[in-house]
Amino acid sequence: MTKMSCLLGISMCFLFVALVASSKFEELFQPGWAMDHFVHEGDLLKLKLDNYSGAGFGSKSKYMFGKVTVQLKLVEGDSAGTVTAFYMSSEGPTHNEFDFEFLGNTTGEPYSVQTNVYVNGVGNREQRLNLWFDPSKDFHTYSIFWNQRQVVFLVDETPIRVHTNLEHKGIPFPKDQAMGVYSSIWNADDWATQGGRVKTDWSHAPFVATYKDFEINACECPTPVTSMDNAKKCSSSEDKKYWWDEPMLSELTLHQSHQLIWVRANHMVYDYCADSARFPVIPAECVRHHH
C-alpha cells in the first residue's frame, strides 16, 4: 500500500511503500491467554489482572523493521506490584526483544517505565524513568521504531531511549529476526515496586489496563522463511523503497536529540550503563551509546 505519512515525529513527509495496518485489535492481534480477562467496550480493549490470572495478547504476524504503536491507559489508583508490558520479540534461545514495562506504584507515587533490549538472547540493558505525566489518567501513545541503524522507544512521539547499531565496533545489533508484537498485564510484586518491598493489594483488584488505536507500519514477514530472506525482503533496493530506510531516519533529528537529553536529565532514575556495582566493566555499547 502506498501512502503519505509523517512518522517518528518528523515534520517532513515522504512517500513510502509498506504495510499500513488497521487499528482494529482483531485484525492484528489474538489473545494469548486468559480470554475471560479480556473486555471489549466499543473501540477499547481492557485487560484485567486479579489474584487468579493476568492476561496477554500477541500479533498474528511477525514483522521486521518499521514502527508499532499503541495508545494505552494504565492501571489507576494503587497499582503497586503490577506490570503492564508492551514489547516486540522474536522466538528461541537467541531471540531479540524490545521492551516497555510499566511498573505500578502506590497511589500518588510516579509510574515508572522500564525499557530493555535483548540481542541474541542477552538482555540486562535496563533503563528506568519516571514519566512526566500520570499515565493512568488518560491515553498516551507508546511506540517502538526499528530499522537497520537504530531502535527508538517513544512516548507521545518523544524519544526516551535509542539503541544504536554499533556493529562496526563488533557489537551485535538486532536486525536479522522477525518479531511479534505483544502486550500483557501480570503480577510482579517480587520486584516491580520499590524493589519488591511493596506488594500487590488484591483488595483493589481487578487491575485494568485499557488499549486503543493499535497501529503497525512495518514489513510483514511470512513464516516459515529464513531470516536472511526476511532481511532481504524488508530492506530497500533499487526496485523498492521502504520508509524506514530513509536517510533522515538513520539517527535522531536535532530536535529529537534535545528531547532525549531532556528526558535523561530530568526523568531517568536508573541506567544499566552507570551501574558499576552490577557491571564493574562498562558494557561495550555504553562507551559511546547515547541511549
# chains A, B, ... in the order shown; residues from 1 in each chain; ligands from 1
call {"tool": "residues_around", "arguments": {"residues": "region 34-40 of chain A", "least_positions_apart": "4", "cutoff": "8 Å", "atoms": "only C-alpha atoms", "output": "PyMOL selection string"}}
result
chain A and resi 44-49+53-56
call {"tool": "write_last_selection", "arguments": {"atoms": "N, CA and C atoms", "output": "tab-separated table (two decimals), in the first residue's frame"}}
result
chain	number	residue	atom	x	y	z
A	44	LEU	N	-12.44	0.16	22.63
A	44	LEU	CA	-11.48	-0.04	23.71
A	44	LEU	C	-11.33	-1.53	24.01
A	45	LEU	N	-10.10	-1.91	24.36
A	45	LEU	CA	-9.82	-3.24	24.87
A	45	LEU	C	-9.27	-3.09	26.28
A	46	LYS	N	-9.83	-3.85	27.22
A	46	LYS	CA	-9.35	-3.82	28.59
A	46	LYS	C	-8.81	-5.19	28.97
A	47	LEU	N	-7.61	-5.19	29.56
A	47	LEU	CA	-7.03	-6.41	30.12
A	47	LEU	C	-7.11	-6.32	31.63
A	48	LYS	N	-7.56	-7.40	32.26
A	48	LYS	CA	-7.73	-7.41	33.70
A	48	LYS	C	-6.71	-8.33	34.37
A	49	LEU	N	-6.25	-7.89	35.54
A	49	LEU	CA	-5.41	-8.70	36.41
A	49	LEU	C	-6.12	-8.85	37.74
A	53	SER	N	-5.41	-14.52	37.69
A	53	SER	CA	-4.68	-14.50	36.43
A	53	SER	C	-4.46	-13.08	35.94
A	54	GLY	N	-3.44	-12.93	35.12
A	54	GLY	CA	-3.29	-11.75	34.29
A	54	GLY	C	-3.84	-12.08	32.91
A	55	ALA	N	-3.36	-11.37	31.88
A	55	ALA	CA	-3.82	-11.64	30.52
A	55	ALA	C	-2.81	-11.07	29.54
A	56	GLY	N	-2.84	-11.59	28.31
A	56	GLY	CA	-1.91	-11.09	27.31
A	56	GLY	C	-2.37	-11.41	25.91
call {"tool": "residues_around", "arguments": {"residues": "Glu285 (chain A)", "least_positions_apart": "3", "cutoff": "12 Å", "atoms": "only C-alpha atoms", "output": "PyMOL selection string"}}
result
chain A and resi 117+119+125+162-173+272-273+281-282+288-291
call {"tool": "closest_residue", "arguments": {"among": "A:Glu157, A:Glu101, A:Glu41, A:Glu109", "to": "Leu260 (chain A)", "atoms": "only C-alpha atoms"}}
result
A:Glu157
call {"tool": "residues_around", "arguments": {"residues": "Ser184 (chain A)", "least_positions_apart": "2", "cutoff": "7 Å", "atoms": "only C-alpha atoms", "output": "ChimeraX atom specification"}}
result
/A:55-57,84-86,182,186
call {"tool": "closest_residue", "arguments": {"among": "A:Ala218, A:Val155, A:Val198, A:Arg264", "to": "Tyr242 (chain A)", "atoms": "only C-alpha atoms"}}
result
A:Ala218
call {"tool": "closest_residue", "arguments": {"among": "A:Gln127, A:Val83, A:Leu74, A:Tyr63", "to": "Gln114 (chain A)", "atoms": "only C-alpha atoms"}}
result
A:Gln127
